[in-house]
file final.cif (mmCIF, C-alpha atoms)
data_structure
loop_
_atom_site.label_atom_id
_atom_site.label_comp_id
_atom_site.auth_asym_id
_atom_site.auth_seq_id
_atom_site.Cartn_x
_atom_site.Cartn_y
_atom_site.Cartn_z
CA MET A 1 -4.29 74.98 183.53
CA ALA A 2 -7.09 76.07 181.19
CA LEU A 3 -7.91 73.98 178.13
CA TRP A 4 -6.83 76.69 175.70
CA ASP A 5 -3.41 76.87 177.40
CA ARG A 6 -2.82 73.24 176.45
CA LEU A 7 -3.42 73.82 172.76
CA PRO A 8 -0.31 74.00 170.53
CA ALA A 9 -0.13 77.74 169.86
CA PRO A 10 0.12 81.08 171.63
CA PRO A 11 -3.16 82.31 173.18
CA ILE A 12 -5.31 84.74 171.23
CA ARG A 13 -5.88 88.07 172.95
CA LEU A 14 -8.43 90.14 171.13
CA PRO A 15 -7.42 93.80 170.75
CA ARG A 16 -9.83 96.47 171.96
CA PRO A 17 -11.79 97.94 170.34
CA ALA A 18 -12.34 95.19 167.76
CA PHE A 19 -14.69 96.69 165.17
CA TYR A 20 -14.91 96.22 161.42
CA HIS A 21 -17.28 96.96 158.56
CA VAL A 22 -18.37 94.72 155.73
CA GLU A 23 -18.90 95.17 151.99
CA ARG A 24 -21.22 92.48 150.68
CA ASP A 25 -21.52 90.86 147.26
CA LEU A 26 -18.56 92.48 145.53
CA PRO A 27 -18.76 91.36 141.87
CA VAL A 28 -15.65 89.83 140.33
CA THR A 29 -15.93 89.12 136.61
CA MET A 30 -14.10 86.08 135.25
CA PRO A 31 -12.55 85.98 131.75
CA ASP A 32 -15.54 83.99 130.43
CA GLY A 33 -17.99 86.64 131.68
CA VAL A 34 -19.22 84.77 134.76
CA THR A 35 -19.51 86.93 137.89
CA LEU A 36 -18.37 85.59 141.26
CA LEU A 37 -19.37 87.26 144.52
CA ALA A 38 -17.15 88.18 147.45
CA ASP A 39 -17.50 89.81 150.86
CA ARG A 40 -14.82 92.14 152.24
CA TYR A 41 -14.30 92.64 155.96
CA VAL A 42 -12.29 95.74 156.88
CA PRO A 43 -10.86 96.46 160.35
CA ALA A 44 -11.76 99.87 161.71
CA GLY A 45 -9.00 102.37 162.32
CA VAL A 46 -6.25 100.40 160.56
CA GLU A 47 -4.34 102.11 157.78
CA ARG A 48 -3.25 99.98 154.81
CA PRO A 49 -4.25 96.60 156.23
CA PRO A 50 -2.84 93.54 154.45
CA THR A 51 -5.38 91.20 152.84
CA ILE A 52 -6.26 87.58 153.52
CA LEU A 53 -7.94 85.91 150.53
CA VAL A 54 -10.23 82.90 150.95
CA ARG A 55 -12.07 81.13 148.14
CA THR A 56 -14.73 78.64 149.25
CA PRO A 57 -17.67 76.56 147.98
CA TYR A 58 -19.18 76.34 151.47
CA GLY A 59 -20.81 79.74 151.90
CA ARG A 60 -19.62 83.17 153.04
CA ARG A 61 -21.92 84.08 155.92
CA GLY A 62 -23.20 82.91 159.27
CA PRO A 63 -21.11 80.20 160.95
CA ALA A 64 -19.10 79.83 157.73
CA ALA A 65 -17.66 83.32 158.24
CA LEU A 66 -15.80 82.15 161.34
CA ALA A 67 -14.30 79.19 159.50
CA ASN A 68 -13.37 81.52 156.64
CA GLY A 69 -11.13 83.66 158.83
CA LEU A 70 -13.34 86.38 160.31
CA LEU A 71 -11.36 86.14 163.56
CA PHE A 72 -8.30 87.60 161.83
CA VAL A 73 -9.98 90.92 161.06
CA PRO A 74 -9.80 92.49 164.55
CA PHE A 75 -6.04 91.92 164.46
CA GLY A 76 -5.55 94.35 161.59
CA PHE A 77 -6.18 92.24 158.49
CA GLN A 78 -8.82 92.81 155.84
CA LEU A 79 -10.50 89.61 154.73
CA VAL A 80 -11.87 88.89 151.26
CA VAL A 81 -14.05 85.77 151.07
CA GLN A 82 -15.22 84.71 147.63
CA SER A 83 -17.78 82.03 146.82
CA ALA A 84 -16.54 79.57 144.23
CA ARG A 85 -18.20 79.38 140.85
CA GLY A 86 -21.77 78.10 141.06
CA THR A 87 -22.04 78.41 144.85
CA SER A 88 -23.74 80.88 147.23
CA GLY A 89 -24.74 83.40 144.59
CA SER A 90 -21.69 83.21 142.33
CA GLY A 91 -22.52 82.62 138.69
CA GLY A 92 -21.72 79.63 136.54
CA GLU A 93 -21.80 75.95 137.45
CA PHE A 94 -19.72 74.46 140.23
CA ASP A 95 -16.99 72.33 138.66
CA PRO A 96 -15.25 70.70 141.63
CA LEU A 97 -11.46 71.12 141.38
CA GLY A 98 -11.71 72.19 137.73
CA SER A 99 -12.10 75.99 137.90
CA GLU A 100 -10.01 76.96 140.90
CA ARG A 101 -6.81 77.89 139.09
CA ASP A 102 -8.36 80.07 136.40
CA ASP A 103 -10.98 81.66 138.66
CA GLY A 104 -8.48 82.10 141.45
CA LEU A 105 -5.88 83.83 139.30
CA ALA A 106 -8.54 86.11 137.80
CA THR A 107 -9.59 86.99 141.35
CA VAL A 108 -5.99 87.75 142.32
CA GLY A 109 -5.73 90.06 139.30
CA TRP A 110 -8.92 91.82 140.38
CA LEU A 111 -7.63 92.07 143.95
CA LYS A 112 -4.43 93.80 142.88
CA ARG A 113 -6.41 96.43 140.94
CA GLN A 114 -8.52 97.52 143.92
CA PRO A 115 -7.73 100.91 145.48
CA TRP A 116 -7.92 99.33 148.94
CA PHE A 117 -5.30 96.69 148.14
CA HIS A 118 -2.00 97.74 149.69
CA GLY A 119 0.47 95.39 148.08
CA SER A 120 0.45 92.17 150.11
CA PHE A 121 -1.95 89.30 150.70
CA ALA A 122 -2.07 85.83 152.17
CA THR A 123 -4.23 82.76 151.61
CA PHE A 124 -5.92 80.70 154.30
CA GLY A 125 -8.20 77.73 154.63
CA PRO A 126 -8.86 74.08 155.34
CA SER A 127 -9.71 71.24 152.96
CA TYR A 128 -11.13 72.54 149.66
CA LEU A 129 -10.26 76.12 150.64
CA GLY A 130 -6.64 75.06 151.01
CA TYR A 131 -6.71 73.26 147.68
CA SER A 132 -8.01 76.47 146.06
CA ALA A 133 -5.04 78.30 147.57
CA TRP A 134 -2.56 75.77 146.17
CA ALA A 135 -4.19 76.13 142.74
CA ILE A 136 -2.96 79.74 142.47
CA ALA A 137 0.10 79.72 144.71
CA ALA A 138 2.81 79.27 142.09
CA GLU A 139 1.40 81.99 139.81
CA ALA A 140 -0.04 84.54 142.25
CA GLY A 141 2.97 86.84 142.02
CA PRO A 142 5.27 88.42 144.63
CA GLU A 143 2.31 90.04 146.39
CA LEU A 144 1.47 86.64 147.92
CA LYS A 145 3.40 86.85 151.19
CA ALA A 146 2.10 83.90 153.23
CA MET A 147 -0.04 80.75 153.14
CA SER A 148 -1.64 78.97 156.08
CA LEU A 149 -3.46 75.79 155.06
CA GLN A 150 -5.06 72.98 157.04
CA ILE A 151 -6.17 69.37 156.44
CA THR A 152 -5.59 69.75 152.71
CA ALA A 153 -3.22 69.02 149.85
CA SER A 154 -2.17 70.40 146.50
CA SER A 155 -3.83 67.46 144.74
CA PHE A 156 -6.89 65.40 145.64
CA ARG A 157 -6.18 62.76 142.98
CA ASP A 158 -4.62 60.15 145.26
CA ALA A 159 -7.20 60.76 147.99
CA ALA A 160 -9.91 59.86 145.46
CA TYR A 161 -8.12 56.59 144.63
CA VAL A 162 -6.44 55.58 147.88
CA GLY A 163 -3.95 52.84 147.10
CA GLY A 164 -5.45 52.61 143.62
CA SER A 165 -8.95 51.84 144.89
CA PHE A 166 -11.86 54.22 144.40
CA ALA A 167 -12.65 56.05 147.67
CA LEU A 168 -16.39 55.48 147.43
CA GLU A 169 -17.59 56.77 150.80
CA SER A 170 -15.71 60.08 150.88
CA THR A 171 -16.24 60.81 147.20
CA LEU A 172 -19.97 60.05 147.16
CA THR A 173 -20.59 61.85 150.46
CA TRP A 174 -18.72 65.01 149.45
CA THR A 175 -20.29 65.17 145.99
CA ASP A 176 -23.77 64.90 147.45
CA LEU A 177 -22.95 67.43 150.16
CA THR A 178 -21.76 70.12 147.74
CA ARG A 179 -24.83 69.71 145.54
CA ARG A 180 -27.30 69.54 148.41
CA GLN A 181 -25.95 72.63 150.18
CA GLN A 182 -27.03 74.87 147.29
CA ARG A 183 -30.67 74.12 148.07
CA PRO A 184 -32.72 76.07 150.63
CA LEU A 185 -31.34 75.35 154.11
CA GLY A 186 -28.79 73.11 152.42
CA LEU A 187 -25.85 74.40 154.43
CA VAL A 188 -27.65 73.10 157.53
CA THR A 189 -29.15 69.86 156.24
CA ALA A 190 -26.40 68.65 153.90
CA PRO A 191 -23.86 67.71 156.61
CA LEU A 192 -26.60 65.76 158.37
CA LEU A 193 -27.99 63.90 155.36
CA SER A 194 -25.20 63.30 152.86
CA ARG A 195 -23.14 60.72 154.75
CA ARG A 196 -26.25 58.79 155.77
CA ARG A 197 -27.60 58.71 152.22
CA ALA A 198 -24.22 57.72 150.77
CA ALA A 199 -23.87 54.86 153.26
CA HIS A 200 -27.38 53.65 152.44
CA ALA A 201 -26.58 53.70 148.71
CA ALA A 202 -23.28 51.86 149.19
CA ARG A 203 -25.06 49.06 151.07
CA SER A 204 -27.65 48.64 148.33
CA GLY A 205 -25.52 46.38 146.16
CA ARG A 206 -26.30 48.48 143.08
CA PRO A 207 -23.57 49.19 140.49
CA LEU A 208 -21.21 52.04 141.37
CA ALA A 209 -22.40 54.08 138.41
CA GLU A 210 -25.93 54.22 139.88
CA LEU A 211 -25.06 55.23 143.43
CA ASP A 212 -25.08 58.97 142.79
CA VAL A 213 -28.71 58.87 141.65
CA LEU A 214 -29.59 56.61 144.56
CA THR A 215 -27.94 59.05 146.98
CA GLY A 216 -29.05 62.41 145.65
CA GLY A 217 -31.86 61.67 143.22
CA GLU A 218 -29.92 62.80 140.14
CA THR A 219 -26.73 62.18 138.22
CA MET A 220 -23.71 63.90 139.76
CA PRO A 221 -21.18 64.75 137.03
CA PHE A 222 -18.18 65.00 139.36
CA TYR A 223 -18.86 61.55 140.80
CA GLN A 224 -19.22 60.12 137.30
CA ASP A 225 -16.01 61.87 136.23
CA LEU A 226 -14.06 60.26 139.06
CA LEU A 227 -15.41 56.85 138.11
CA ALA A 228 -14.46 57.34 134.47
CA ASN A 229 -11.12 59.11 135.00
CA HIS A 230 -9.14 56.80 137.23
CA ALA A 231 -5.98 57.82 139.03
CA THR A 232 -3.64 57.55 136.05
CA ALA A 233 -5.90 59.23 133.50
CA GLU A 234 -4.19 62.15 131.81
CA GLY A 235 -6.05 65.24 130.67
CA TYR A 236 -8.70 65.28 133.36
CA TRP A 237 -6.18 65.66 136.18
CA ASP A 238 -3.79 67.98 134.34
CA ARG A 239 -5.80 71.03 135.40
CA ARG A 240 -6.70 69.66 138.84
CA ASP A 241 -3.34 68.49 140.22
CA PHE A 242 -0.97 71.19 141.52
CA SER A 243 1.52 68.96 143.32
CA GLY A 244 4.07 69.58 140.58
CA THR A 245 4.14 73.33 141.30
CA VAL A 246 4.53 73.21 145.10
CA GLY A 247 8.30 73.69 144.96
CA GLN A 248 7.83 76.83 142.85
CA VAL A 249 5.87 78.62 145.59
CA ASP A 250 7.96 81.40 147.12
CA ALA A 251 5.52 82.49 149.83
CA PRO A 252 6.20 81.08 153.34
CA VAL A 253 3.83 78.16 154.05
CA THR A 254 2.55 76.64 157.27
CA LEU A 255 0.59 73.38 157.17
CA LEU A 256 -1.64 71.80 159.82
CA GLY A 257 -3.06 68.29 159.61
CA GLY A 258 -4.26 65.34 161.66
CA TRP A 259 -2.99 61.81 162.01
CA TYR A 260 -6.43 60.52 161.02
CA ASP A 261 -7.11 62.99 158.21
CA VAL A 262 -7.64 61.58 154.73
CA PHE A 263 -5.28 64.16 153.21
CA LEU A 264 -2.36 63.74 155.63
CA PRO A 265 -0.06 61.64 153.38
CA TRP A 266 -0.26 64.21 150.60
CA MET A 267 0.01 67.19 152.92
CA VAL A 268 3.30 65.72 154.15
CA LYS A 269 4.39 65.30 150.52
CA ASP A 270 3.71 69.00 149.99
CA TYR A 271 5.85 69.78 153.04
CA LEU A 272 8.67 67.60 151.72
CA ALA A 273 8.43 69.21 148.27
CA LEU A 274 8.83 72.64 149.86
CA ARG A 275 11.84 71.44 151.88
CA ALA A 276 13.42 69.88 148.79
CA ALA A 277 13.08 73.24 147.01
CA GLY A 278 15.02 74.94 149.79
CA HIS A 279 12.07 76.51 151.63
CA ALA A 280 11.39 76.50 155.36
CA PRO A 281 7.71 75.58 155.88
CA TYR A 282 6.13 74.91 159.26
CA LEU A 283 4.27 71.68 159.95
CA THR A 284 1.79 70.73 162.69
CA ILE A 285 0.20 67.28 163.04
CA GLY A 286 -2.29 66.66 165.83
CA PRO A 287 -4.56 63.80 166.98
CA TRP A 288 -7.40 64.92 164.71
CA TRP A 289 -9.54 63.67 161.84
CA HIS A 290 -10.83 65.72 158.92
CA THR A 291 -14.04 67.10 160.40
CA ASP A 292 -12.71 67.18 163.96
CA ALA A 293 -13.66 70.53 165.49
CA ARG A 294 -10.65 70.41 167.81
CA HIS A 295 -8.20 71.53 165.15
CA GLY A 296 -10.13 74.75 164.49
CA LEU A 297 -8.70 76.85 167.33
CA PRO A 298 -5.07 75.70 166.86
CA ALA A 299 -5.45 76.50 163.16
CA ILE A 300 -6.59 80.06 163.90
CA ARG A 301 -3.88 80.63 166.46
CA GLU A 302 -1.04 79.33 164.32
CA SER A 303 -2.35 81.16 161.26
CA LEU A 304 -2.56 84.42 163.18
CA ALA A 305 1.06 84.10 164.31
CA TRP A 306 2.06 83.26 160.73
CA PHE A 307 0.23 86.23 159.21
CA ARG A 308 1.56 88.62 161.82
CA ALA A 309 5.09 87.48 161.07
CA HIS A 310 4.91 87.64 157.29
CA LEU A 311 2.42 90.45 156.65
CA GLN A 312 2.92 92.71 159.67
CA GLY A 313 6.59 92.11 160.43
CA ASP A 314 6.00 90.71 163.93
CA PRO A 315 7.57 87.23 164.31
CA SER A 316 7.19 87.16 168.11
CA GLY A 317 4.37 84.60 167.96
CA LEU A 318 6.25 82.02 165.90
CA ARG A 319 7.47 78.92 167.70
CA ALA A 320 11.17 78.13 167.71
CA ASP A 321 10.91 74.73 166.01
CA PRO A 322 9.18 74.51 162.63
CA VAL A 323 7.69 71.05 163.27
CA ARG A 324 5.25 70.19 166.05
CA VAL A 325 3.61 66.75 166.20
CA TYR A 326 1.45 64.98 168.75
CA VAL A 327 2.79 61.53 169.67
CA THR A 328 -0.34 59.54 170.35
CA GLY A 329 1.30 56.73 172.32
CA ALA A 330 3.08 59.14 174.66
CA ARG A 331 0.14 61.58 174.66
CA GLU A 332 2.41 64.58 174.31
CA TRP A 333 3.44 67.24 171.82
CA ARG A 334 7.00 67.13 170.52
CA HIS A 335 9.01 69.67 168.58
CA TYR A 336 11.50 69.05 165.80
CA ARG A 337 13.61 71.06 163.41
CA ASP A 338 12.51 68.98 160.43
CA TRP A 339 10.35 66.08 159.34
CA PRO A 340 11.03 63.19 159.33
CA PRO A 341 12.88 63.84 162.61
CA PRO A 342 16.67 63.76 162.26
CA GLY A 343 18.05 60.32 163.11
CA MET A 344 14.88 58.48 162.18
CA ARG A 345 15.35 54.96 160.80
CA GLN A 346 12.90 53.59 158.26
CA ALA A 347 11.68 50.06 158.95
CA ARG A 348 9.63 47.69 156.81
CA TRP A 349 7.21 45.54 158.76
CA HIS A 350 5.60 42.34 157.46
CA LEU A 351 2.49 40.42 158.37
CA HIS A 352 3.12 37.14 160.17
CA ALA A 353 0.88 34.14 160.65
CA GLY A 354 -1.77 34.67 163.28
CA GLY A 355 -1.86 38.43 162.87
CA GLY A 356 1.60 39.32 164.14
CA LEU A 357 4.05 41.86 162.71
CA GLY A 358 7.82 41.76 162.41
CA GLU A 359 10.83 43.16 160.60
CA ASP A 360 12.30 39.76 159.67
CA GLY A 361 10.80 39.66 156.18
CA PRO A 362 7.90 37.72 154.64
CA GLN A 363 7.45 34.26 156.15
CA ASP A 364 6.09 31.12 154.60
CA ALA A 365 2.77 30.32 156.22
CA PRO A 366 -0.62 28.98 155.16
CA PRO A 367 -3.23 31.64 154.34
CA THR A 368 -5.27 33.11 157.14
CA ALA A 369 -9.00 32.81 156.43
CA TYR A 370 -11.92 34.84 157.67
CA ARG A 371 -15.63 35.08 156.87
CA PHE A 372 -16.92 38.30 155.31
CA ASP A 373 -20.54 39.29 156.00
CA PRO A 374 -21.65 42.05 153.56
CA ALA A 375 -24.42 43.01 155.98
CA ARG A 376 -21.81 43.77 158.65
CA PRO A 377 -18.67 44.90 156.80
#

call {"tool": "encode", "arguments": {"input": "final.cif", "output": "structure tokens"}}
result
Amino acid sequence: MALWDRLPAPPIRLPRPAFYHVERDLPVTMPDGVTLLADRYVPAGVERPPTILVRTPYGRRGPAALANGLLFVPFGFQLVVQSARGTSGSGGEFDPLGSERDDGLATVGWLKRQPWFHGSFATFGPSYLGYSAWAIAAEAGPELKAMSLQITASSFRDAAYVGGSFALESTLTWTDLTRRQQRPLGLVTAPLLSRRRAAHAARSGRPLAELDVLTGGETMPFYQDLLANHATAEGYWDRRDFSGTVGQVDAPVTLLGGWYDVFLPWMVKDYLALRAAGHAPYLTIGPWWHTDARHGLPAIRESLAWFRAHLQGDPSGLRADPVRVYVTGAREWRHYRDWPPPGMRQARWHLHAGGGLGEDGPQDAPPTAYRFDPARP
């Protein structure tokens, strides 16, 4: 059996011929006068193709084009990829999380006015791209027919303060990465340098408020904002948290995540919010982490089946059970009608003396001590 036959989705068979043409740097003017740039990929020989909209801060061309959904185009979809404000030629200043609703809805309005728009579109993307899709989902209008999102959530608030503690590594690394990638060759060097520089800064022992300068050589406003606006701060998060609108989204949604992904708990919350609102989302959870390349092909395959079903009227590629999860202990994929699986029993486990676990409640025991070496955390 070939490797691709073991992946959790129908195989992709590229139609022939698979040609398309591209329109580069389409200007989209925002209400404040800032112009954002987009590329449009159009399949050849397809009349009235439905549209897939992607909004990204990570670039539109080169290897990024594949991650942005270029593989959908030969299957009869036109793809519009827009660079977020302040990135890859788009005007303005990149305001992480802060501009995606307003800019996204203005882009949707522009999309609907184009002579080549034929009445239906979908959104697609992992991580920040998926967050950008959630930012507009409840207000995009009936033309939004489908959403396929991966390793993402409708709010990044709790991921920035996991358990109430500031997520220093991920926040500092990502902030430096998004700033560094706007420099020459930044899209190549940033993934290689940002994590290393952030780790070096974190080990320095300097105050948290100085680590952005130590990492990137300058103050990073988004990092400082997250330090100042903790998880419960109102105002700052009001325009950056879309978890309260998930149940209002009418478009069919499919979600893909990984057991080791930072956003998994909140992606599952989005799934449960859709179920509570009476919707029928799909959910896939595999043995992946956030930047794991292995979830890329399953994401494309499942998204293609989803878009074919909801934009082209061909549900033949959809699986029978909405939920598919990989059970790591059994090393196998399992299928369910819902999540949590019907018949599941919740159990509360407690720490026991000596490092054990049990369901029989907290036990009286002397504290367990260990030595912490800051040089080897």

call {"tool": "resolve_selection", "arguments": {"input": "final.cif", "expression": "the PyMOL selection byres ((chain A and resi 124) around 12)", "output": "compact mmCIF listing (two decimals) with C-alpha atoms, in the frame of the given file"}}
result
# COMPACT_ATOMS: atom_id res chain seq x y z
CA THR A 51 -5.38 91.20 152.84
CA ILE A 52 -6.26 87.58 153.52
CA LEU A 53 -7.94 85.91 150.53
CA VAL A 54 -10.23 82.90 150.95
CA ARG A 55 -12.07 81.13 148.14
CA THR A 56 -14.73 78.64 149.25
CA ALA A 67 -14.30 79.19 159.50
CA ASN A 68 -13.37 81.52 156.64
CA GLY A 69 -11.13 83.66 158.83
CA LEU A 70 -13.34 86.38 160.31
CA PHE A 72 -8.30 87.60 161.83
CA LEU A 79 -10.50 89.61 154.73
CA VAL A 80 -11.87 88.89 151.26
CA VAL A 81 -14.05 85.77 151.07
CA PHE A 121 -1.95 89.30 150.70
CA ALA A 122 -2.07 85.83 152.17
CA THR A 123 -4.23 82.76 151.61
CA GLY A 125 -8.20 77.73 154.63
CA PRO A 126 -8.86 74.08 155.34
CA SER A 127 -9.71 71.24 152.96
CA TYR A 128 -11.13 72.54 149.66
CA LEU A 129 -10.26 76.12 150.64
CA GLY A 130 -6.64 75.06 151.01
CA TYR A 131 -6.71 73.26 147.68
CA SER A 132 -8.01 76.47 146.06
CA ALA A 133 -5.04 78.30 147.57
CA TRP A 134 -2.56 75.77 146.17
CA ALA A 137 0.10 79.72 144.71
CA LEU A 144 1.47 86.64 147.92
CA LYS A 145 3.40 86.85 151.19
CA ALA A 146 2.10 83.90 153.23
CA MET A 147 -0.04 80.75 153.14
CA SER A 148 -1.64 78.97 156.08
CA LEU A 149 -3.46 75.79 155.06
CA GLN A 150 -5.06 72.98 157.04
CA ILE A 151 -6.17 69.37 156.44
CA THR A 152 -5.59 69.75 152.71
CA VAL A 253 3.83 78.16 154.05
CA THR A 254 2.55 76.64 157.27
CA LEU A 255 0.59 73.38 157.17
CA LEU A 256 -1.64 71.80 159.82
CA ALA A 299 -5.45 76.50 163.16
CA ILE A 300 -6.59 80.06 163.90
CA GLU A 302 -1.04 79.33 164.32
CA SER A 303 -2.35 81.16 161.26
CA LEU A 304 -2.56 84.42 163.18
CA TRP A 306 2.06 83.26 160.73
CA PHE A 307 0.23 86.23 159.21

call {"tool": "axis_aligned_box", "arguments": {"input": "final.cif", "around": "range 326-334 of chain A", "padding_each_side": "4 Å", "output": "JSON"}}
result
{"center_x": 3.3, "center_y": 62.0, "center_z": 171.7, "size_x": 15.3, "size_y": 18.5, "size_z": 13.9}

call {"tool": "residues_near_point", "arguments": {"input": "final.cif", "point": "(-5.7, 61.7, 162.7)", "cutoff": "6 Å", "atoms": "all atoms listed in the file", "output": "tab-separated table (two decimals) with C-alpha atoms, in the coordinates of the input"}}
result
chain	number	residue	atom	x	y	z
A	258	GLY	CA	-4.26	65.34	161.66
A	259	TRP	CA	-2.99	61.81	162.01
A	260	TYR	CA	-6.43	60.52	161.02
A	261	ASP	CA	-7.11	62.99	158.21
A	287	PRO	CA	-4.56	63.80	166.98
A	288	TRP	CA	-7.40	64.92	164.71
A	289	TRP	CA	-9.54	63.67	161.84

call {"tool": "residues_around", "arguments": {"input": "final.cif", "residues": "Thr368 in chain A", "least_positions_apart": "2", "cutoff": "10 Å", "atoms": "all atoms listed in the file", "output": "PyMOL selection string"}}
result
chain A and resi 352-355+365-366+370

call {"tool": "residues_near_point", "arguments": {"input": "final.cif", "point": "(1.5, 66.2, 166.6)", "cutoff": "8 Å", "atoms": "all atoms listed in the file", "output": "list in words"}}
result
Gly258, Trp259, Thr284, Ile285, Gly286, Pro287, Arg324, Val325, Tyr326, Val327, Thr328, Glu332, Trp333 and Arg334 of chain A

call {"tool": "closest_residue", "arguments": {"input": "final.cif", "among": "A:Leu168, A:Gln346, A:Tyr336, A:Thr175", "to": "Thr219 in chain A", "atoms": "all atoms listed in the file"}}
result
A:Thr175

call {"tool": "atom_distance", "arguments": {"input": "final.cif", "atom1": "CA of Pro315 in chain A", "atom2": "CA of Pro340 in chain A"}}
result
24.8 Å

call {"tool": "resolve_selection", "arguments": {"input": "final.cif", "expression": "the PyMOL selection byres ((chain A and resi 94) around 10)", "output": "short mmCIF file (atom, residue, chain, number, x, y, z; two decimals) with C-alpha atoms, in the coordinates of the input"}}
result
data_model
loop_
_atom_site.label_atom_id
_atom_site.label_comp_id
_atom_site.auth_asym_id
_atom_site.auth_seq_id
_atom_site.Cartn_x
_atom_site.Cartn_y
_atom_site.Cartn_z
CA PRO A 57 -17.67 76.56 147.98
CA ALA A 84 -16.54 79.57 144.23
CA ARG A 85 -18.20 79.38 140.85
CA GLY A 86 -21.77 78.10 141.06
CA THR A 87 -22.04 78.41 144.85
CA SER A 90 -21.69 83.21 142.33
CA GLY A 91 -22.52 82.62 138.69
CA GLY A 92 -21.72 79.63 136.54
CA GLU A 93 -21.80 75.95 137.45
CA ASP A 95 -16.99 72.33 138.66
CA PRO A 96 -15.25 70.70 141.63
CA LEU A 97 -11.46 71.12 141.38
CA GLY A 98 -11.71 72.19 137.73
CA SER A 99 -12.10 75.99 137.90
CA THR A 178 -21.76 70.12 147.74
CA ARG A 179 -24.83 69.71 145.54
CA PHE A 222 -18.18 65.00 139.36
#

call {"tool": "resolve_selection", "arguments": {"input": "final.cif", "expression": "the PyMOL selection byres ((chain A and resi 41) around 12)", "output": "number ranges by chain"}}
result
A: 19-26, 38-40, 42-44, 49-54, 60-61, 65-66, 68-82, 116

call {"tool": "closest_residue", "arguments": {"input": "final.cif", "among": "A:Ser194, A:Thr189, A:Ser88, A:Gln312", "to": "Thr173 in chain A", "atoms": "only C-alpha atoms"}}
result
A:Ser194

call {"tool": "atom_distance", "arguments": {"input": "final.cif", "atom1": "CA of Met30 in chain A", "atom2": "CA of Ser83 in chain A"}}
result
12.8 Å

call {"tool": "closest_residue", "arguments": {"input": "final.cif", "among": "A:Arg113, A:Ala330, A:Ile136, A:Gly163", "to": "Gln248 in chain A", "atoms": "all atoms listed in the file"}}
result
A:Ile136

call {"tool": "atom_distance", "arguments": {"input": "final.cif", "atom1": "CA of Gly216 in chain A", "atom2": "CA of Arg196 in chain A"}}
result
11.1 Å

call {"tool": "residues_around", "arguments": {"input": "final.cif", "residues": "Tyr236 in chain A", "least_positions_apart": "3", "cutoff": "9 Å", "atoms": "only C-alpha atoms", "output": "list in words"}}
result
Gly98, Asp225, Asn229, Ala233, Arg239 and Arg240 of chain A

call {"tool": "closest_residue", "arguments": {"input": "final.cif", "among": "A:Lys269, A:Ala309, A:Gly257, A:Ala251", "to": "Gly296 in chain A", "atoms": "all atoms listed in the file"}}
result
A:Gly257

call {"tool": "closest_residue", "arguments": {"input": "final.cif", "among": "A:Gly247, A:Gly205, A:Gly235, A:Gly278", "to": "Ala375 in chain A", "atoms": "all atoms listed in the file"}}
result
A:Gly205

call {"tool": "closest_residue", "arguments": {"input": "final.cif", "among": "A:Ser243, A:Asp238, A:Phe372, A:Gln114", "to": "Met267 in chain A", "atoms": "all atoms listed in the file"}}
result
A:Ser243
